[in-house]
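Listing of query30.cif; format and content: mmCIF, N, CA and C atoms.
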data_query
loop_
_atom_site.label_atom_id
_atom_site.label_comp_id
_atom_site.auth_asym_id
_atom_site.auth_seq_id
_atom_site.Cartn_x
_atom_site.Cartn_y
_atom_site.Cartn_z
N MET A 1 -26.38 8.44 -21.94
CA MET A 1 -25.32 8.74 -21.00
C MET A 1 -25.26 7.62 -19.95
N LYS A 2 -24.05 7.18 -19.62
CA LYS A 2 -23.84 6.09 -18.69
C LYS A 2 -23.78 6.62 -17.25
N ALA A 3 -24.44 5.93 -16.33
CA ALA A 3 -24.40 6.33 -14.92
C ALA A 3 -23.03 6.00 -14.34
N GLN A 4 -22.54 6.90 -13.50
CA GLN A 4 -21.23 6.70 -12.86
C GLN A 4 -21.45 6.26 -11.42
N TYR A 5 -20.63 5.37 -10.94
CA TYR A 5 -20.68 4.98 -9.54
C TYR A 5 -19.26 4.70 -9.08
N ASN A 6 -19.07 4.81 -7.77
CA ASN A 6 -17.76 4.55 -7.20
C ASN A 6 -17.60 3.06 -6.96
N LYS A 7 -16.60 2.49 -7.55
CA LYS A 7 -16.30 1.08 -7.36
C LYS A 7 -15.39 0.94 -6.16
N ARG A 8 -15.75 0.10 -5.23
CA ARG A 8 -14.93 -0.12 -4.04
C ARG A 8 -13.92 -1.21 -4.32
N LYS A 9 -12.71 -0.96 -3.86
CA LYS A 9 -11.68 -1.98 -3.96
C LYS A 9 -11.86 -2.96 -2.81
N GLY A 10 -11.57 -4.21 -3.04
CA GLY A 10 -11.67 -5.21 -1.99
C GLY A 10 -10.44 -5.17 -1.11
N GLY A 11 -10.55 -5.79 0.05
CA GLY A 11 -9.41 -5.91 0.95
C GLY A 11 -9.26 -4.74 1.91
N TYR A 12 -8.24 -4.85 2.73
CA TYR A 12 -7.95 -3.84 3.76
C TYR A 12 -7.23 -2.65 3.16
N SER A 13 -7.51 -1.45 3.71
CA SER A 13 -6.79 -0.26 3.29
C SER A 13 -6.64 0.71 4.45
N ALA A 14 -5.50 1.38 4.49
CA ALA A 14 -5.25 2.40 5.51
C ALA A 14 -6.15 3.61 5.26
N GLU A 15 -6.48 3.88 4.00
CA GLU A 15 -7.32 5.03 3.65
C GLU A 15 -8.71 4.91 4.30
N LEU A 16 -9.32 3.74 4.23
CA LEU A 16 -10.63 3.55 4.84
C LEU A 16 -10.55 3.71 6.36
N ALA A 17 -9.53 3.14 6.98
CA ALA A 17 -9.36 3.28 8.43
C ALA A 17 -9.21 4.74 8.82
N ASN A 18 -8.45 5.51 8.05
CA ASN A 18 -8.26 6.93 8.34
C ASN A 18 -9.53 7.74 8.11
N ASN A 19 -10.40 7.29 7.21
CA ASN A 19 -11.68 7.96 7.00
C ASN A 19 -12.65 7.72 8.15
N ILE A 20 -12.53 6.58 8.82
CA ILE A 20 -13.44 6.23 9.90
C ILE A 20 -12.95 6.75 11.25
N LEU A 21 -11.68 6.52 11.55
CA LEU A 21 -11.11 6.96 12.82
C LEU A 21 -10.67 8.41 12.72
N ASP A 22 -10.97 9.20 13.74
CA ASP A 22 -10.61 10.62 13.78
C ASP A 22 -9.25 10.76 14.46
N SER A 23 -8.24 11.15 13.70
CA SER A 23 -6.88 11.24 14.26
C SER A 23 -6.74 12.33 15.33
N SER A 24 -7.71 13.25 15.43
CA SER A 24 -7.63 14.30 16.45
C SER A 24 -8.21 13.84 17.79
N LYS A 25 -8.84 12.65 17.80
CA LYS A 25 -9.43 12.12 19.04
C LYS A 25 -8.65 10.89 19.50
N SER A 26 -8.61 10.70 20.81
CA SER A 26 -7.87 9.56 21.35
C SER A 26 -8.67 8.26 21.23
N VAL A 27 -7.94 7.15 21.17
CA VAL A 27 -8.52 5.82 21.13
C VAL A 27 -8.20 5.15 22.46
N HIS A 28 -9.22 4.53 23.09
CA HIS A 28 -9.05 3.88 24.38
C HIS A 28 -9.13 2.36 24.23
N SER A 29 -8.26 1.68 24.96
CA SER A 29 -8.26 0.22 24.98
C SER A 29 -9.33 -0.26 25.96
N LEU A 30 -10.21 -1.16 25.51
CA LEU A 30 -11.28 -1.69 26.36
C LEU A 30 -11.00 -3.11 26.84
N SER A 31 -10.18 -3.85 26.13
CA SER A 31 -9.94 -5.26 26.47
C SER A 31 -8.85 -5.40 27.51
N GLU A 32 -9.06 -6.37 28.38
CA GLU A 32 -8.03 -6.68 29.37
C GLU A 32 -7.22 -7.91 28.96
N ALA A 33 -7.74 -8.65 27.98
CA ALA A 33 -7.05 -9.83 27.46
C ALA A 33 -7.38 -9.98 25.98
N LEU A 34 -6.44 -10.53 25.22
CA LEU A 34 -6.67 -10.79 23.80
C LEU A 34 -7.60 -11.98 23.63
N GLU A 35 -8.44 -11.95 22.60
CA GLU A 35 -9.31 -13.07 22.27
C GLU A 35 -8.69 -13.83 21.10
N PRO A 36 -8.23 -15.07 21.33
CA PRO A 36 -7.65 -15.83 20.21
C PRO A 36 -8.72 -16.24 19.20
N GLN A 37 -8.38 -16.18 17.93
CA GLN A 37 -9.26 -16.61 16.85
C GLN A 37 -8.68 -17.90 16.27
N MET A 38 -9.45 -18.96 16.37
CA MET A 38 -8.95 -20.27 15.98
C MET A 38 -9.14 -20.53 14.48
N LYS A 39 -8.29 -21.38 13.95
CA LYS A 39 -8.37 -21.77 12.55
C LYS A 39 -9.43 -22.86 12.38
N PHE A 40 -10.16 -22.80 11.27
CA PHE A 40 -11.15 -23.83 10.93
C PHE A 40 -10.72 -24.52 9.64
N GLU A 41 -10.83 -25.84 9.61
CA GLU A 41 -10.56 -26.64 8.41
C GLU A 41 -11.73 -27.57 8.18
N ASP A 42 -12.26 -27.56 6.98
CA ASP A 42 -13.41 -28.40 6.63
C ASP A 42 -14.58 -28.19 7.59
N GLY A 43 -14.77 -26.93 8.01
CA GLY A 43 -15.88 -26.58 8.89
C GLY A 43 -15.69 -26.99 10.34
N LYS A 44 -14.49 -27.47 10.69
CA LYS A 44 -14.21 -27.88 12.07
C LYS A 44 -13.09 -27.05 12.65
N ARG A 45 -13.26 -26.70 13.91
CA ARG A 45 -12.26 -25.91 14.60
C ARG A 45 -11.02 -26.74 14.90
N THR A 46 -9.85 -26.13 14.69
CA THR A 46 -8.59 -26.78 15.04
C THR A 46 -8.04 -26.10 16.30
N ASP A 47 -6.90 -26.57 16.78
CA ASP A 47 -6.26 -25.96 17.95
C ASP A 47 -5.28 -24.85 17.56
N GLU A 48 -5.18 -24.56 16.27
CA GLU A 48 -4.24 -23.55 15.78
C GLU A 48 -4.85 -22.15 15.88
N ILE A 49 -4.10 -21.22 16.49
CA ILE A 49 -4.54 -19.84 16.60
C ILE A 49 -4.12 -19.09 15.35
N MET A 50 -5.11 -18.44 14.70
CA MET A 50 -4.85 -17.69 13.46
C MET A 50 -4.53 -16.22 13.75
N SER A 51 -5.22 -15.63 14.72
CA SER A 51 -5.03 -14.21 15.04
C SER A 51 -5.60 -13.95 16.43
N TYR A 52 -5.48 -12.70 16.84
CA TYR A 52 -5.98 -12.26 18.14
C TYR A 52 -6.81 -11.00 17.92
N LYS A 53 -7.84 -10.80 18.77
CA LYS A 53 -8.68 -9.62 18.66
C LYS A 53 -8.80 -8.93 20.01
N ALA A 54 -9.00 -7.61 19.95
CA ALA A 54 -9.21 -6.81 21.15
C ALA A 54 -10.16 -5.67 20.81
N TRP A 55 -10.82 -5.12 21.84
CA TRP A 55 -11.82 -4.06 21.67
C TRP A 55 -11.25 -2.70 22.04
N PHE A 56 -11.71 -1.68 21.28
CA PHE A 56 -11.26 -0.30 21.48
C PHE A 56 -12.45 0.64 21.29
N SER A 57 -12.30 1.88 21.74
CA SER A 57 -13.36 2.86 21.53
C SER A 57 -12.76 4.23 21.25
N GLN A 58 -13.56 5.03 20.54
CA GLN A 58 -13.21 6.42 20.26
C GLN A 58 -14.50 7.22 20.36
N ASN A 59 -14.43 8.41 20.96
CA ASN A 59 -15.60 9.25 21.11
C ASN A 59 -16.27 9.47 19.75
N GLY A 60 -17.58 9.21 19.69
CA GLY A 60 -18.33 9.39 18.46
C GLY A 60 -18.49 8.12 17.64
N LEU A 61 -17.83 7.05 18.04
CA LEU A 61 -17.93 5.76 17.33
C LEU A 61 -18.39 4.68 18.30
N PRO A 62 -19.06 3.65 17.79
CA PRO A 62 -19.36 2.51 18.66
C PRO A 62 -18.05 1.75 18.93
N PRO A 63 -17.99 0.96 20.02
CA PRO A 63 -16.78 0.16 20.26
C PRO A 63 -16.49 -0.70 19.03
N PHE A 64 -15.20 -0.88 18.75
CA PHE A 64 -14.81 -1.65 17.57
C PHE A 64 -13.70 -2.62 17.92
N GLU A 65 -13.65 -3.70 17.16
CA GLU A 65 -12.69 -4.77 17.37
C GLU A 65 -11.57 -4.65 16.35
N VAL A 66 -10.34 -4.91 16.79
CA VAL A 66 -9.18 -4.88 15.88
C VAL A 66 -8.48 -6.23 15.96
N LYS A 67 -8.13 -6.75 14.79
CA LYS A 67 -7.45 -8.05 14.68
C LYS A 67 -5.94 -7.82 14.57
N PHE A 68 -5.19 -8.68 15.25
CA PHE A 68 -3.73 -8.66 15.20
C PHE A 68 -3.25 -10.04 14.78
N SER A 69 -2.32 -10.13 13.84
CA SER A 69 -1.83 -11.44 13.40
C SER A 69 -0.90 -12.06 14.44
N GLU A 70 -0.25 -11.24 15.24
CA GLU A 70 0.65 -11.71 16.29
C GLU A 70 0.09 -11.27 17.65
N GLN A 71 0.51 -11.97 18.70
CA GLN A 71 0.08 -11.60 20.04
C GLN A 71 0.73 -10.27 20.41
N VAL A 72 -0.08 -9.30 20.86
CA VAL A 72 0.42 -7.99 21.26
C VAL A 72 0.23 -7.83 22.76
N LYS A 73 0.96 -6.90 23.35
CA LYS A 73 0.83 -6.62 24.78
C LYS A 73 -0.22 -5.53 24.95
N LEU A 74 -1.32 -5.87 25.63
CA LEU A 74 -2.38 -4.90 25.86
C LEU A 74 -2.03 -4.01 27.05
N PRO A 75 -2.29 -2.71 26.91
CA PRO A 75 -2.09 -1.82 28.05
C PRO A 75 -3.24 -1.97 29.04
N PRO A 76 -3.17 -1.32 30.20
CA PRO A 76 -4.27 -1.38 31.17
C PRO A 76 -5.58 -0.85 30.58
N TYR A 77 -6.70 -1.28 31.15
CA TYR A 77 -8.05 -0.89 30.74
C TYR A 77 -8.17 0.64 30.66
N LEU A 78 -8.77 1.12 29.59
CA LEU A 78 -9.04 2.53 29.28
C LEU A 78 -7.79 3.36 29.00
N SER A 79 -6.65 2.70 28.77
CA SER A 79 -5.44 3.43 28.38
C SER A 79 -5.64 4.04 27.00
N ILE A 80 -5.00 5.17 26.78
CA ILE A 80 -5.01 5.80 25.45
C ILE A 80 -3.90 5.14 24.63
N ILE A 81 -4.26 4.73 23.41
CA ILE A 81 -3.32 3.99 22.57
C ILE A 81 -3.26 4.57 21.16
N THR A 82 -2.24 4.15 20.43
CA THR A 82 -2.16 4.40 18.99
C THR A 82 -1.91 3.04 18.33
N PHE A 83 -2.29 2.94 17.07
CA PHE A 83 -2.11 1.71 16.31
C PHE A 83 -0.94 1.84 15.36
N ASP A 84 -0.23 0.75 15.14
CA ASP A 84 0.78 0.67 14.09
C ASP A 84 0.10 0.06 12.87
N ASN A 85 0.09 0.80 11.77
CA ASN A 85 -0.43 0.32 10.49
C ASN A 85 -1.88 -0.15 10.58
N ILE A 86 -2.77 0.72 11.07
CA ILE A 86 -4.19 0.37 11.16
C ILE A 86 -4.80 0.36 9.76
N GLN A 87 -5.59 -0.66 9.47
CA GLN A 87 -6.26 -0.80 8.19
C GLN A 87 -7.69 -1.25 8.43
N ALA A 88 -8.56 -0.98 7.47
CA ALA A 88 -9.96 -1.39 7.58
C ALA A 88 -10.44 -1.92 6.25
N CYS A 89 -11.48 -2.76 6.31
CA CYS A 89 -12.15 -3.21 5.10
C CYS A 89 -13.65 -3.27 5.38
N GLU A 90 -14.43 -3.11 4.32
CA GLU A 90 -15.89 -3.15 4.44
C GLU A 90 -16.40 -4.39 3.74
N VAL A 91 -17.20 -5.16 4.46
CA VAL A 91 -17.82 -6.37 3.91
C VAL A 91 -19.29 -6.32 4.30
N SER A 92 -20.16 -6.27 3.31
CA SER A 92 -21.60 -6.23 3.55
C SER A 92 -21.98 -5.15 4.56
N TYR A 93 -21.45 -3.96 4.39
CA TYR A 93 -21.71 -2.79 5.24
C TYR A 93 -21.17 -2.92 6.66
N ASN A 94 -20.36 -3.93 6.93
CA ASN A 94 -19.67 -4.06 8.21
C ASN A 94 -18.22 -3.66 8.02
N ILE A 95 -17.65 -2.98 9.01
CA ILE A 95 -16.26 -2.56 8.94
C ILE A 95 -15.42 -3.45 9.85
N TYR A 96 -14.31 -3.96 9.30
CA TYR A 96 -13.38 -4.78 10.05
C TYR A 96 -12.02 -4.10 10.05
N PHE A 97 -11.36 -4.10 11.23
CA PHE A 97 -10.05 -3.46 11.37
C PHE A 97 -8.98 -4.50 11.66
N LYS A 98 -7.77 -4.18 11.21
CA LYS A 98 -6.60 -4.97 11.61
C LYS A 98 -5.44 -4.00 11.77
N ALA A 99 -4.48 -4.38 12.61
CA ALA A 99 -3.30 -3.54 12.85
C ALA A 99 -2.12 -4.46 13.15
N ASP A 100 -0.91 -3.90 13.02
CA ASP A 100 0.29 -4.68 13.31
C ASP A 100 0.60 -4.73 14.80
N ASN A 101 0.33 -3.60 15.49
CA ASN A 101 0.67 -3.51 16.92
C ASN A 101 -0.05 -2.31 17.52
N ILE A 102 0.02 -2.18 18.83
CA ILE A 102 -0.50 -0.99 19.50
C ILE A 102 0.56 -0.47 20.45
N LYS A 103 0.47 0.83 20.74
CA LYS A 103 1.38 1.47 21.69
C LYS A 103 0.56 2.32 22.63
N GLU A 104 0.91 2.26 23.92
CA GLU A 104 0.24 3.10 24.89
C GLU A 104 0.81 4.51 24.81
N VAL A 105 -0.07 5.51 24.80
CA VAL A 105 0.36 6.91 24.79
C VAL A 105 0.55 7.32 26.24
N LYS A 106 1.72 7.81 26.55
CA LYS A 106 2.01 8.18 27.95
C LYS A 106 1.93 9.66 28.17
#

Just give me the structure of the file as structure tokens.
Amino acid sequence: MKAQYNKRKGGYSAELANNILDSSKSVHSLSEALEPQMKFEDGKRTDEIMSYKAWFSQNGLPPFEVKFSEQVKLPPYLSIITFDNIQACEVSYNIYFKADNIKEVK
């Protein structure tokens, strides 16, 4: 009899993000400014910005970083937010998030 195991798909998925983040709990913005992520070519940093990152938290989870391909407007510190199209991927037991945008919950 052959052993069965779950094969993980590579890349980002909304399903993984929804399994990690609890939709019944609020997410708080921790960053006051976006952190630009620079492009590297041949192991050297260029002046081209590839993406932006910011930190967030949710009760029961450690603080986590989310990558945005475009510059987004961050709300004030500790504001409650929602993500547009949040996705996650797992690489070597580390979870990475990306989203299209964020919105402050009023």

What does the structure give for the distance between atom CA of Val27 of chain A and atom C of Trp55 of chain A, in Å to one decimal? 9.0 Å

Quick check on the file I pasted: which residues fall under the PyMOL selection byres ((chain A and resi 105) around 6.5)? Write them as JSON, numbers by chain. {"A": [79, 80, 81, 82, 103, 104, 106]}

Write out the residues from the selection above, keeping N, CA and C atoms, as a PDB file, in the coordinates of the input.
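Ended up saving to selection-v2.pdb:
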ATOM      1  N   SER A  79      -6.650   2.700  28.770  1.00  0.00           N
ATOM      2  CA  SER A  79      -5.440   3.430  28.380  1.00  0.00           C
ATOM      3  C   SER A  79      -5.640   4.040  27.000  1.00  0.00           C
ATOM      4  N   ILE A  80      -5.000   5.170  26.780  1.00  0.00           N
ATOM      5  CA  ILE A  80      -5.010   5.800  25.450  1.00  0.00           C
ATOM      6  C   ILE A  80      -3.900   5.140  24.630  1.00  0.00           C
ATOM      7  N   ILE A  81      -4.260   4.730  23.410  1.00  0.00           N
ATOM      8  CA  ILE A  81      -3.320   3.990  22.570  1.00  0.00           C
ATOM      9  C   ILE A  81      -3.260   4.570  21.160  1.00  0.00           C
ATOM     10  N   THR A  82      -2.240   4.150  20.430  1.00  0.00           N
ATOM     11  CA  THR A  82      -2.160   4.400  18.990  1.00  0.00           C
ATOM     12  C   THR A  82      -1.910   3.040  18.330  1.00  0.00           C
ATOM     13  N   LYS A 103       0.470   0.830  20.740  1.00  0.00           N
ATOM     14  CA  LYS A 103       1.380   1.470  21.690  1.00  0.00           C
ATOM     15  C   LYS A 103       0.560   2.320  22.630  1.00  0.00           C
ATOM     16  N   GLU A 104       0.910   2.260  23.920  1.00  0.00           N
ATOM     17  CA  GLU A 104       0.240   3.100  24.890  1.00  0.00           C
ATOM     18  C   GLU A 104       0.810   4.510  24.810  1.00  0.00           C
ATOM     19  N   LYS A 106       1.720   7.810  26.550  1.00  0.00           N
ATOM     20  CA  LYS A 106       2.010   8.180  27.950  1.00  0.00           C
ATOM     21  C   LYS A 106       1.930   9.660  28.170  1.00  0.00           C
TER      22      LYS A 106
END

Write out as a list of chain:residue names each polymer residue whose atoms come within 6.5 Å of Leu16 of chain A, counting all atoms listed in the file; drop sequence neighbours fewer than 4 positions from it.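 Near neighbours after the sequence-gap exclusion: A:Ile20, A:Leu21, A:Gln87, A:Ala88.
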
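Excluding Gln58 of chain A itself and same-chain residues fewer than 4 positions from it, the residues having an atom within 6.5 Å of it are Lys25, Ser26, Val27, His28, Pro62, Pro63 and Phe64 of chain A, counting all atoms listed in the file.
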
Residues from last step as file, N, CA and C atoms, as an mmCIF file, in the frame of the given file:
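The resulting part_8.cif:
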data_model
loop_
_atom_site.group_PDB
_atom_site.id
_atom_site.type_symbol
_atom_site.label_atom_id
_atom_site.label_comp_id
_atom_site.auth_asym_id
_atom_site.auth_seq_id
_atom_site.Cartn_x
_atom_site.Cartn_y
_atom_site.Cartn_z
ATOM 1 N N LYS A 25 -8.840 12.650 17.800
ATOM 2 C CA LYS A 25 -9.430 12.120 19.040
ATOM 3 C C LYS A 25 -8.650 10.890 19.500
ATOM 4 N N SER A 26 -8.610 10.700 20.810
ATOM 5 C CA SER A 26 -7.870 9.560 21.350
ATOM 6 C C SER A 26 -8.670 8.260 21.230
ATOM 7 N N VAL A 27 -7.940 7.150 21.170
ATOM 8 C CA VAL A 27 -8.520 5.820 21.130
ATOM 9 C C VAL A 27 -8.200 5.150 22.460
ATOM 10 N N HIS A 28 -9.220 4.530 23.090
ATOM 11 C CA HIS A 28 -9.050 3.880 24.380
ATOM 12 C C HIS A 28 -9.130 2.360 24.230
ATOM 13 N N PRO A 62 -19.060 3.650 17.790
ATOM 14 C CA PRO A 62 -19.360 2.510 18.660
ATOM 15 C C PRO A 62 -18.050 1.750 18.930
ATOM 16 N N PRO A 63 -17.990 0.960 20.020
ATOM 17 C CA PRO A 63 -16.780 0.160 20.260
ATOM 18 C C PRO A 63 -16.490 -0.700 19.030
ATOM 19 N N PHE A 64 -15.200 -0.880 18.750
ATOM 20 C CA PHE A 64 -14.810 -1.650 17.570
ATOM 21 C C PHE A 64 -13.700 -2.620 17.920
#

Selected residue of minimal separation from Asn59 of chain A among A:Glu15, A:Glu35, A:Asp22, A:Asp100, counting only C-alpha atoms: A:Asp22

Between atom C of Ile95 of chain A and atom N of Glu65 of chain A, distance in Å (one decimal): 7.5 Å

Hey, what comes out of the PyMOL selection byres ((chain A and resi 85) around 6) on this file? Could you write it as a PyMOL selection string? chain A and resi 83-84+86-87+98-101

Output as a PyMOL selection string all residues of chain A that backbone DSSP marks as helix (DSSP H, G or I). chain A and resi 14-20

Would you pick out the contacts of Ser51 of chain A at 7 Å or less, using only N, CA and C atoms, so that residues sharing its chain but fewer than 5 positions from it are not included, and give the list as a PDB file with N, CA and C atoms, in the coordinates of the input?
ATOM      1  N   GLU A  35      -8.440 -11.950  22.600  1.00  0.00           N
ATOM      2  CA  GLU A  35      -9.310 -13.070  22.270  1.00  0.00           C
ATOM      3  C   GLU A  35      -8.690 -13.830  21.100  1.00  0.00           C
ATOM      4  N   PRO A  36      -8.230 -15.070  21.330  1.00  0.00           N
ATOM      5  CA  PRO A  36      -7.650 -15.830  20.210  1.00  0.00           C
ATOM      6  C   PRO A  36      -8.720 -16.240  19.200  1.00  0.00           C
ATOM      7  N   GLN A  37      -8.380 -16.180  17.930  1.00  0.00           N
ATOM      8  CA  GLN A  37      -9.260 -16.610  16.850  1.00  0.00           C
ATOM      9  C   GLN A  37      -8.680 -17.900  16.270  1.00  0.00           C
ATOM     10  N   MET A  38      -9.450 -18.960  16.370  1.00  0.00           N
ATOM     11  CA  MET A  38      -8.950 -20.270  15.980  1.00  0.00           C
ATOM     12  C   MET A  38      -9.140 -20.530  14.480  1.00  0.00           C
ATOM     13  N   LYS A  39      -8.290 -21.380  13.950  1.00  0.00           N
ATOM     14  CA  LYS A  39      -8.370 -21.770  12.550  1.00  0.00           C
ATOM     15  C   LYS A  39      -9.430 -22.860  12.380  1.00  0.00           C
ATOM     16  N   LYS A  67      -8.130  -6.750  14.790  1.00  0.00           N
ATOM     17  CA  LYS A  67      -7.450  -8.050  14.680  1.00  0.00           C
ATOM     18  C   LYS A  67      -5.940  -7.820  14.570  1.00  0.00           C
ATOM     19  N   PHE A  68      -5.190  -8.680  15.250  1.00  0.00           N
ATOM     20  CA  PHE A  68      -3.730  -8.660  15.200  1.00  0.00           C
ATOM     21  C   PHE A  68      -3.250 -10.040  14.780  1.00  0.00           C
ATOM     22  N   SER A  69      -2.320 -10.130  13.840  1.00  0.00           N
ATOM     23  CA  SER A  69      -1.830 -11.440  13.400  1.00  0.00           C
ATOM     24  C   SER A  69      -0.900 -12.060  14.440  1.00  0.00           C
ATOM     25  N   GLU A  70      -0.250 -11.240  15.240  1.00  0.00           N
ATOM     26  CA  GLU A  70       0.650 -11.710  16.290  1.00  0.00           C
ATOM     27  C   GLU A  70       0.090 -11.270  17.650  1.00  0.00           C
ATOM     28  N   GLN A  71       0.510 -11.970  18.700  1.00  0.00           N
ATOM     29  CA  GLN A  71       0.080 -11.600  20.040  1.00  0.00           C
ATOM     30  C   GLN A  71       0.730 -10.270  20.410  1.00  0.00           C
TER      31      GLN A  71
END

Between atom CA of Asn19 of chain A and atom CA of Ala33 of chain A, what is the distance, to one decimal in Å?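 The value is 27.5 Å.
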
Any chance you could work out the residue set of the PyMOL selection byres ((chain A and resi 75) around 8) here, as JSON, numbers by chain? {"A": [29, 30, 31, 32, 72, 73, 74, 76, 77, 78, 79, 80, 102, 103, 104]}
